[in-house]
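One file, entry06.cif, carrying mmCIF, C-alpha atoms:
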```cif
data_structure
loop_
_atom_site.group_PDB
_atom_site.id
_atom_site.type_symbol
_atom_site.label_atom_id
_atom_site.label_comp_id
_atom_site.auth_asym_id
_atom_site.auth_seq_id
_atom_site.Cartn_x
_atom_site.Cartn_y
_atom_site.Cartn_z
ATOM 1 C CA VAL A 1 13.774 0.179 9.894
ATOM 2 C CA GLN A 2 12.779 2.529 7.128
ATOM 3 C CA LEU A 3 9.856 2.186 4.716
ATOM 4 C CA GLN A 4 9.707 4.858 2.021
ATOM 5 C CA ALA A 5 6.540 5.084 -0.040
ATOM 6 C CA SER A 6 6.455 6.903 -3.359
ATOM 7 C CA GLY A 7 4.533 7.130 -6.611
ATOM 8 C CA GLY A 8 1.447 9.004 -5.554
ATOM 9 C CA GLY A 9 -0.006 11.917 -7.459
ATOM 10 C CA LEU A 10 -3.046 13.179 -9.232
ATOM 11 C CA ALA A 11 -5.046 10.832 -11.429
ATOM 12 C CA GLN A 12 -8.379 11.042 -13.180
ATOM 13 C CA ALA A 13 -11.155 8.607 -12.386
ATOM 14 C CA GLY A 14 -10.528 5.451 -14.343
ATOM 15 C CA GLY A 15 -6.803 6.067 -14.411
ATOM 16 C CA SER A 16 -3.883 4.180 -12.937
ATOM 17 C CA LEU A 17 -0.995 4.757 -10.570
ATOM 18 C CA ARG A 18 1.766 2.512 -9.280
ATOM 19 C CA LEU A 19 3.034 2.983 -5.758
ATOM 20 C CA SER A 20 6.390 1.720 -4.553
ATOM 21 C CA CYS A 21 7.737 1.178 -1.069
ATOM 22 C CA ALA A 22 11.441 0.653 -0.561
ATOM 23 C CA ALA A 23 12.482 -1.031 2.666
ATOM 24 C CA SER A 24 15.812 -0.847 4.434
ATOM 25 C CA GLY A 25 17.187 -2.102 7.712
ATOM 26 C CA ILE A 26 15.297 -5.399 7.601
ATOM 27 C CA ILE A 27 15.467 -8.850 6.068
ATOM 28 C CA PHE A 28 12.699 -7.963 3.645
ATOM 29 C CA SER A 29 12.075 -11.404 2.193
ATOM 30 C CA VAL A 30 10.735 -12.826 5.456
ATOM 31 C CA LYS A 31 8.377 -9.949 6.165
ATOM 32 C CA ASN A 32 4.667 -9.820 5.495
ATOM 33 C CA MET A 33 3.908 -6.418 3.998
ATOM 34 C CA GLY A 34 0.825 -4.272 3.653
ATOM 35 C CA TRP A 35 -0.422 -1.159 1.960
ATOM 36 C CA TYR A 36 -2.690 1.020 4.078
ATOM 37 C CA ARG A 37 -4.523 4.239 3.355
ATOM 38 C CA GLN A 38 -6.103 7.053 5.301
ATOM 39 C CA ALA A 39 -8.701 9.235 3.673
ATOM 40 C CA PRO A 40 -9.561 12.666 5.092
ATOM 41 C CA GLY A 41 -11.637 12.302 8.229
ATOM 42 C CA LYS A 42 -11.396 8.520 8.235
ATOM 43 C CA GLN A 43 -9.379 5.908 10.049
ATOM 44 C CA ARG A 44 -6.387 4.267 8.471
ATOM 45 C CA GLU A 45 -7.318 0.997 6.803
ATOM 46 C CA LEU A 46 -5.542 -1.966 5.298
ATOM 47 C CA VAL A 47 -5.876 -2.007 1.529
ATOM 48 C CA ALA A 48 -3.822 -5.031 0.558
ATOM 49 C CA ARG A 49 -1.301 -7.367 2.071
ATOM 50 C CA ILE A 50 1.262 -9.759 0.697
ATOM 51 C CA LEU A 51 2.803 -12.462 2.796
ATOM 52 C CA SER A 52 6.408 -13.606 2.597
ATOM 53 C CA THR A 53 5.044 -16.594 0.663
ATOM 54 C CA GLY A 54 3.589 -14.301 -1.981
ATOM 55 C CA SER A 55 -0.016 -14.901 -0.952
ATOM 56 C CA THR A 56 -2.161 -11.776 -1.297
ATOM 57 C CA ASN A 57 -5.378 -10.405 0.172
ATOM 58 C CA TYR A 58 -7.387 -7.282 -0.619
ATOM 59 C CA GLU A 59 -9.949 -5.063 1.000
ATOM 60 C CA ASP A 60 -13.282 -5.604 -0.728
ATOM 61 C CA SER A 61 -13.507 -2.163 -2.345
ATOM 62 C CA VAL A 62 -10.238 -2.619 -4.247
ATOM 63 C CA LYS A 63 -10.562 -6.249 -5.301
ATOM 64 C CA GLY A 64 -10.087 -6.586 -9.038
ATOM 65 C CA ARG A 65 -8.650 -3.058 -9.307
ATOM 66 C CA PHE A 66 -5.500 -3.079 -7.186
ATOM 67 C CA ALA A 67 -2.624 -5.550 -7.237
ATOM 68 C CA ILE A 68 0.084 -5.859 -4.611
ATOM 69 C CA SER A 69 3.417 -7.406 -5.487
ATOM 70 C CA ARG A 70 6.925 -7.579 -4.135
ATOM 71 C CA ASP A 71 10.489 -7.789 -5.384
ATOM 72 C CA ASN A 72 12.605 -9.297 -2.634
ATOM 73 C CA ALA A 73 15.832 -8.603 -4.506
ATOM 74 C CA LYS A 74 15.004 -4.907 -4.437
ATOM 75 C CA ALA A 75 13.376 -4.998 -0.994
ATOM 76 C CA THR A 76 10.401 -3.237 -2.515
ATOM 77 C CA VAL A 77 6.656 -3.736 -2.393
ATOM 78 C CA TYR A 78 4.370 -2.320 -5.062
ATOM 79 C CA LEU A 79 0.720 -1.406 -5.359
ATOM 80 C CA GLN A 80 -0.604 -1.212 -8.898
ATOM 81 C CA MET A 81 -3.855 0.730 -8.837
ATOM 82 C CA THR A 82 -6.192 0.722 -11.826
ATOM 83 C CA SER A 83 -9.749 1.913 -12.462
ATOM 84 C CA LEU A 84 -9.195 4.538 -9.818
ATOM 85 C CA LYS A 85 -12.205 6.148 -8.179
ATOM 86 C CA PRO A 86 -12.513 9.448 -6.321
ATOM 87 C CA GLU A 87 -13.082 7.462 -3.125
ATOM 88 C CA ASP A 88 -9.553 6.054 -3.489
ATOM 89 C CA THR A 89 -8.236 9.508 -2.618
ATOM 90 C CA ALA A 90 -6.078 9.102 0.487
ATOM 91 C CA VAL A 91 -2.567 9.086 1.841
ATOM 92 C CA TYR A 92 -1.158 5.632 1.167
ATOM 93 C CA TYR A 93 1.340 4.035 3.522
ATOM 94 C CA CYS A 94 3.275 0.829 3.516
ATOM 95 C CA ASN A 95 4.013 -1.058 6.697
ATOM 96 C CA PHE A 96 4.409 -4.588 7.851
ATOM 97 C CA TRP A 97 1.385 -6.804 8.316
ATOM 98 C CA PRO A 98 0.367 -6.696 11.065
ATOM 99 C CA TYR A 99 1.590 -3.139 11.182
ATOM 100 C CA SER A 100 4.329 -1.867 13.441
ATOM 101 C CA PRO A 101 3.573 1.522 15.033
ATOM 102 C CA GLU A 102 7.241 2.446 14.712
ATOM 103 C CA ALA A 103 7.349 1.752 10.989
ATOM 104 C CA TRP A 104 4.870 4.306 9.680
ATOM 105 C CA GLY A 105 6.523 6.605 7.189
ATOM 106 C CA GLN A 106 5.188 9.787 5.644
ATOM 107 C CA GLY A 107 3.102 8.017 3.043
ATOM 108 C CA THR A 108 2.319 9.170 -0.452
ATOM 109 C CA LEU A 109 -0.755 11.156 -1.414
ATOM 110 C CA VAL A 110 -3.088 9.843 -4.100
ATOM 111 C CA THR A 111 -5.745 12.210 -5.377
ATOM 112 C CA VAL A 112 -8.355 10.981 -7.847
ATOM 113 C CA SER A 113 -10.439 13.569 -9.621
ATOM 114 C CA SER A 114 -13.882 12.842 -11.023
#
```
Hey, can you dump this file as structure tokens for me?
Amino acid sequence: VQLQASGGGLAQAGGSLRLSCAASGIIFSVKNMGWYRQAPGKQRELVARILSTGSTNYEDSVKGRFAISRDNAKATVYLQMTSLKPEDTAVYYCNFWPYSPEAWGQGTLVTVSS
């Protein structure tokens, strides 16, 4: 199993970024997927999840600003982030939901400047 996150970078407050996570080695369409993040000095947290059915859920602080989606044909899950805030600064990871300890990749760093 390999989950490769990309798309992070530097954004200004109020800006947008789109993260992608390409999966390989799995039957992607049947998997529930999640985006997680870990800010400096904080625990890793679930940001958004999307079930195999397409149903989505969000952590309260990102509701209305972030949107998770998936393309089963491309075995890819996306996180569209808008109205970014400095407190969104973190390393973002994709994993299954619930997460698998063996599936953590390197993540992608998102830095939001004020």
Given the point (-8.6, 9.6, -7.6) in the coordinates of this file, which residues lie within 9 Å, counting all atoms listed in the file, and how would they look as a PyMOL selection string? chain A and resi 9-16+84-90+110-114
Selection under test: the PyMOL selection byres ((chain A and resi 54) around 12); residues as a PyMOL selection string: chain A and resi 29-34+49-53+55-57+67-72+77
Requested write-out: C-alpha atoms of the selected residues, as a PDB file, keeping the file's coordinate frame:
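What landed in result33.pdb:
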```
ATOM      1  CA  SER A  29      12.075 -11.404   2.193  1.00  0.00           C
ATOM      2  CA  VAL A  30      10.735 -12.826   5.456  1.00  0.00           C
ATOM      3  CA  LYS A  31       8.377  -9.949   6.165  1.00  0.00           C
ATOM      4  CA  ASN A  32       4.667  -9.820   5.495  1.00  0.00           C
ATOM      5  CA  MET A  33       3.908  -6.418   3.998  1.00  0.00           C
ATOM      6  CA  GLY A  34       0.825  -4.272   3.653  1.00  0.00           C
ATOM      7  CA  ARG A  49      -1.301  -7.367   2.071  1.00  0.00           C
ATOM      8  CA  ILE A  50       1.262  -9.759   0.697  1.00  0.00           C
ATOM      9  CA  LEU A  51       2.803 -12.462   2.796  1.00  0.00           C
ATOM     10  CA  SER A  52       6.408 -13.606   2.597  1.00  0.00           C
ATOM     11  CA  THR A  53       5.044 -16.594   0.663  1.00  0.00           C
ATOM     12  CA  SER A  55      -0.016 -14.901  -0.952  1.00  0.00           C
ATOM     13  CA  THR A  56      -2.161 -11.776  -1.297  1.00  0.00           C
ATOM     14  CA  ASN A  57      -5.378 -10.405   0.172  1.00  0.00           C
ATOM     15  CA  ALA A  67      -2.624  -5.550  -7.237  1.00  0.00           C
ATOM     16  CA  ILE A  68       0.084  -5.859  -4.611  1.00  0.00           C
ATOM     17  CA  SER A  69       3.417  -7.406  -5.487  1.00  0.00           C
ATOM     18  CA  ARG A  70       6.925  -7.579  -4.135  1.00  0.00           C
ATOM     19  CA  ASP A  71      10.489  -7.789  -5.384  1.00  0.00           C
ATOM     20  CA  ASN A  72      12.605  -9.297  -2.634  1.00  0.00           C
ATOM     21  CA  VAL A  77       6.656  -3.736  -2.393  1.00  0.00           C
TER      22      VAL A  77
END
```
So, counting all atoms listed in the file, which residue among A:Ala22, A:Tyr58, A:Arg37, A:Arg44 is closest to Leu109 (chain A)?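 Result for the nearest residue to Leu109 (chain A): A:Arg37.
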Report, in Å to a single decimal, how far apart CA of Val47 (chain A) and CA of Trp35 (chain A) are.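 Distance reported for this atom pair: 5.5 Å.
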Please enclose the listed atoms of region 19-29 of chain A in an axis-aligned box, pad each side by 5 Å, and write out the centre and the three edge lengths in Å, rounded to one decimal, as JSON.
```
{"center_x": 10.1, "center_y": -4.2, "center_z": 1.0, "size_x": 24.2, "size_y": 24.4, "size_z": 23.5}
```
Quick one: of A:Glu45, A:Met81, A:Asn95, A:Ser24, who's nearest to Gly8 (chain A), counting only C-alpha atoms?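 Using only C-alpha atoms, the shortest distance to Gly8 (chain A) belongs to A:Met81.
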Can you work out the spacing between CA of Val62 (chain A) and CA of Val1 (chain A) in Å, to one decimal?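 Distance between the two atoms: 28.0 Å.
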Between CA of Phe66 (chain A) and CA of Leu79 (chain A), what is the spacing in Å?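 These two atoms are separated by 6.7 Å.
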Would you write out, as a ChimeraX atom specification, every residue that the PyMOL selection byres ((chain A and resi 4) around 7) captures in this file? /A:2-3,5-6,21-23,105
Could you tell me which of A:Tyr99, A:Arg65, A:Gly107, A:Pro40 comes closest to Ser83 (chain A) if we count all atoms listed in the file?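 Using all atoms listed in the file, Ser83 (chain A) sits closest to A:Arg65.
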Return the single residue from A:Tyr36, A:Trp104, A:Trp97, A:Tyr92 that is closest to Leu19 (chain A), with distances computed using all atoms listed in the file. A:Tyr92
Nearest to Thr82 (chain A), chosen from A:Leu46, A:Phe28, A:Gly64, A:Gly7, with all atoms listed in the file counted in the distances: A:Gly64
Region 77-90 of chain A from the block above, all heavy atoms, as a compact mmCIF listing (two decimals), in the first residue's frame, please?
```txt
# COMPACT_ATOMS: atom_id res chain seq x y z
N VAL A 77 -7.60 10.87 -3.90
CA VAL A 77 -8.48 11.65 -3.04
C VAL A 77 -7.93 13.07 -2.97
O VAL A 77 -6.69 13.26 -2.97
CB VAL A 77 -8.62 11.02 -1.63
CG1 VAL A 77 -7.29 10.90 -0.93
CG2 VAL A 77 -9.63 11.77 -0.78
N TYR A 78 -8.82 14.03 -2.95
CA TYR A 78 -8.43 15.44 -2.99
C TYR A 78 -8.90 16.17 -1.75
O TYR A 78 -9.88 15.77 -1.11
CB TYR A 78 -9.03 16.12 -4.22
CG TYR A 78 -8.66 15.49 -5.52
CD1 TYR A 78 -9.54 14.59 -6.15
CD2 TYR A 78 -7.46 15.78 -6.15
CE1 TYR A 78 -9.21 14.00 -7.35
CE2 TYR A 78 -7.13 15.19 -7.37
CZ TYR A 78 -8.01 14.30 -7.96
OH TYR A 78 -7.67 13.71 -9.15
N LEU A 79 -8.21 17.25 -1.42
CA LEU A 79 -8.69 18.16 -0.39
C LEU A 79 -8.55 19.58 -0.93
O LEU A 79 -7.44 20.08 -1.08
CB LEU A 79 -7.90 18.01 0.91
CG LEU A 79 -8.43 18.83 2.09
CD1 LEU A 79 -9.80 18.27 2.53
CD2 LEU A 79 -7.46 18.82 3.26
N GLN A 80 -9.68 20.17 -1.26
CA GLN A 80 -9.70 21.56 -1.72
C GLN A 80 -9.82 22.44 -0.49
O GLN A 80 -10.78 22.32 0.28
CB GLN A 80 -10.87 21.81 -2.66
CG GLN A 80 -10.98 23.24 -3.14
CD GLN A 80 -9.84 23.63 -4.07
OE1 GLN A 80 -9.54 22.92 -5.02
NE2 GLN A 80 -9.19 24.75 -3.77
N MET A 81 -8.84 23.30 -0.29
CA MET A 81 -8.81 24.16 0.89
C MET A 81 -8.96 25.61 0.45
O MET A 81 -8.17 26.08 -0.37
CB MET A 81 -7.50 23.96 1.65
CG MET A 81 -7.21 22.51 2.01
SD MET A 81 -5.75 22.31 3.06
CE MET A 81 -4.48 22.84 1.92
N THR A 82 -9.94 26.29 0.98
CA THR A 82 -10.17 27.69 0.67
C THR A 82 -10.22 28.49 1.97
O THR A 82 -10.28 27.93 3.06
CB THR A 82 -11.47 27.87 -0.11
OG1 THR A 82 -12.58 27.43 0.70
CG2 THR A 82 -11.45 27.09 -1.41
N SER A 83 -10.19 29.80 1.83
CA SER A 83 -10.22 30.70 3.00
C SER A 83 -9.23 30.25 4.05
O SER A 83 -9.55 30.16 5.25
CB SER A 83 -11.64 30.75 3.58
OG SER A 83 -12.57 31.21 2.62
N LEU A 84 -8.03 29.96 3.61
CA LEU A 84 -7.02 29.42 4.51
C LEU A 84 -6.69 30.40 5.62
O LEU A 84 -6.70 31.64 5.43
CB LEU A 84 -5.76 29.05 3.73
CG LEU A 84 -5.86 27.75 2.93
CD1 LEU A 84 -4.76 27.67 1.89
CD2 LEU A 84 -5.81 26.55 3.85
N LYS A 85 -6.38 29.84 6.79
CA LYS A 85 -6.01 30.62 7.96
C LYS A 85 -4.63 30.18 8.44
O LYS A 85 -4.23 29.03 8.21
CB LYS A 85 -7.02 30.38 9.08
CG LYS A 85 -8.46 30.70 8.71
CD LYS A 85 -9.40 30.35 9.86
CE LYS A 85 -10.85 30.67 9.50
NZ LYS A 85 -11.78 30.34 10.61
N PRO A 86 -3.92 31.05 9.12
CA PRO A 86 -2.61 30.66 9.65
C PRO A 86 -2.67 29.40 10.51
O PRO A 86 -1.73 28.59 10.49
CB PRO A 86 -2.17 31.88 10.47
CG PRO A 86 -2.85 33.02 9.78
CD PRO A 86 -4.19 32.49 9.34
N GLU A 87 -3.77 29.18 11.20
CA GLU A 87 -3.89 27.99 12.04
C GLU A 87 -4.09 26.71 11.23
O GLU A 87 -4.11 25.61 11.80
CB GLU A 87 -5.03 28.15 13.06
CG GLU A 87 -6.36 28.59 12.47
CD GLU A 87 -6.57 30.10 12.58
OE1 GLU A 87 -5.61 30.87 12.31
OE2 GLU A 87 -7.71 30.50 12.91
N ASP A 88 -4.24 26.82 9.91
CA ASP A 88 -4.27 25.64 9.06
C ASP A 88 -2.87 25.13 8.74
O ASP A 88 -2.73 24.07 8.11
CB ASP A 88 -5.00 25.95 7.75
CG ASP A 88 -6.47 26.26 7.94
OD1 ASP A 88 -7.13 25.59 8.78
OD2 ASP A 88 -6.98 27.17 7.26
N THR A 89 -1.87 25.88 9.13
CA THR A 89 -0.48 25.47 8.89
C THR A 89 -0.21 24.13 9.56
O THR A 89 -0.41 23.98 10.78
CB THR A 89 0.49 26.54 9.41
OG1 THR A 89 0.32 27.73 8.63
CG2 THR A 89 1.92 26.05 9.31
N ALA A 90 0.23 23.16 8.78
CA ALA A 90 0.46 21.81 9.29
C ALA A 90 1.03 20.95 8.17
O ALA A 90 1.02 21.35 7.00
CB ALA A 90 -0.84 21.20 9.80
```
